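Okay, structure first, notes after.
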Amino acid sequence: MNGESEHIDGRKARGTKRRAEIIDATLAIVTRDGAAGVTHRTVAKQAGITTSLSTYYFATLDDLLVAALSSVADTYTTRIRQIIDGPGDKLRGLAELIAESAGPGREHALAERELSTLAARRPALAPVARRWRENIAELAATLTDDPEAIAALVAASDGLCTAMLIDNAPADTDYVRRILTRAIHAHRDAVVS
């Protein structure tokens, strides 16, 4: 029985590794060609496997896209959870996260934007696509208890990230932080007026 259980564990590990390779290939295609470039054939070619193997792990294109978007959302969720639970300046943490999205790790942000846009046309992706805004809203709630200020901060975060990706320009954390701070204060000033 020991040998058989080791064999099963080995197969599971290989399956998990293969799924991760297929997801990485999908994200690479999304980053390079946009979400429209993702097919089982293009992903299989990128991953160096057969199309039938790609469909074995992800039966439909929606399954594949949901898995890819989930992996991106999980990356952000982990990072945002660290910022929320950490002892540091949470606004600075959010600014760093947004600034880094336009830097060397921008593949994840590009994939998230592309796949979130695609979610409007593919309902199966919609629940996962909402996670970015929900995560940012949770982080924003640690900075202010005003629901409208939270909404302003989420909108500013979303707009900043998109603008930096479009411009393909690295962003300075302090610059991003100033804009986020301005978003909160602009709302507070509007309420006071």
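Residue numbering restarts at 1 for every chain of the structure tokens, chains are lettered A, B, ... in their displayed order, and ligands are numbered from 1 as they appear.
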
Neighbour list for Trp132 in chain A as JSON, numbers by chain, cut-off 9 Å, only C-alpha atoms, skip fewer than 4 positions in-chain:
{"A": [73, 76, 77, 112, 128, 136, 137, 158]}

Need to verify the contact set: Ile29 in chain A, 12 Å, only C-alpha atoms, exclusion of same-chain residues closer than 5 positions in sequence. Can you return it as a list in words?
Ile22, Ile23, Asp24, Gly34, Ala35, Ala36, Gly37, Val38, Thr39, His40, Arg41, Thr42, Val43, Ala44, Lys45, Gln46, Ala47, Leu65, Ala68, Glu107, His108, Leu110, Ala111, Glu114 and Leu115 of chain A

Would you mind listing what lies within 7 Å of range 83-91 of chain A as a PyMOL selection string, with only C-alpha atoms counted and same-chain residues fewer than 3 positions away left out?
chain A and resi 79-80+94-95+139+177

Given only C-alpha atoms as the counted atoms, nearest of A:Thr16, A:Thr173, A:Ser70, A:Thr51 to Pro127 in chain A
A:Ser70

Distance in Å - CA of Ile184 in chain A versus CA of Thr144 in chain A:
8.4 Å
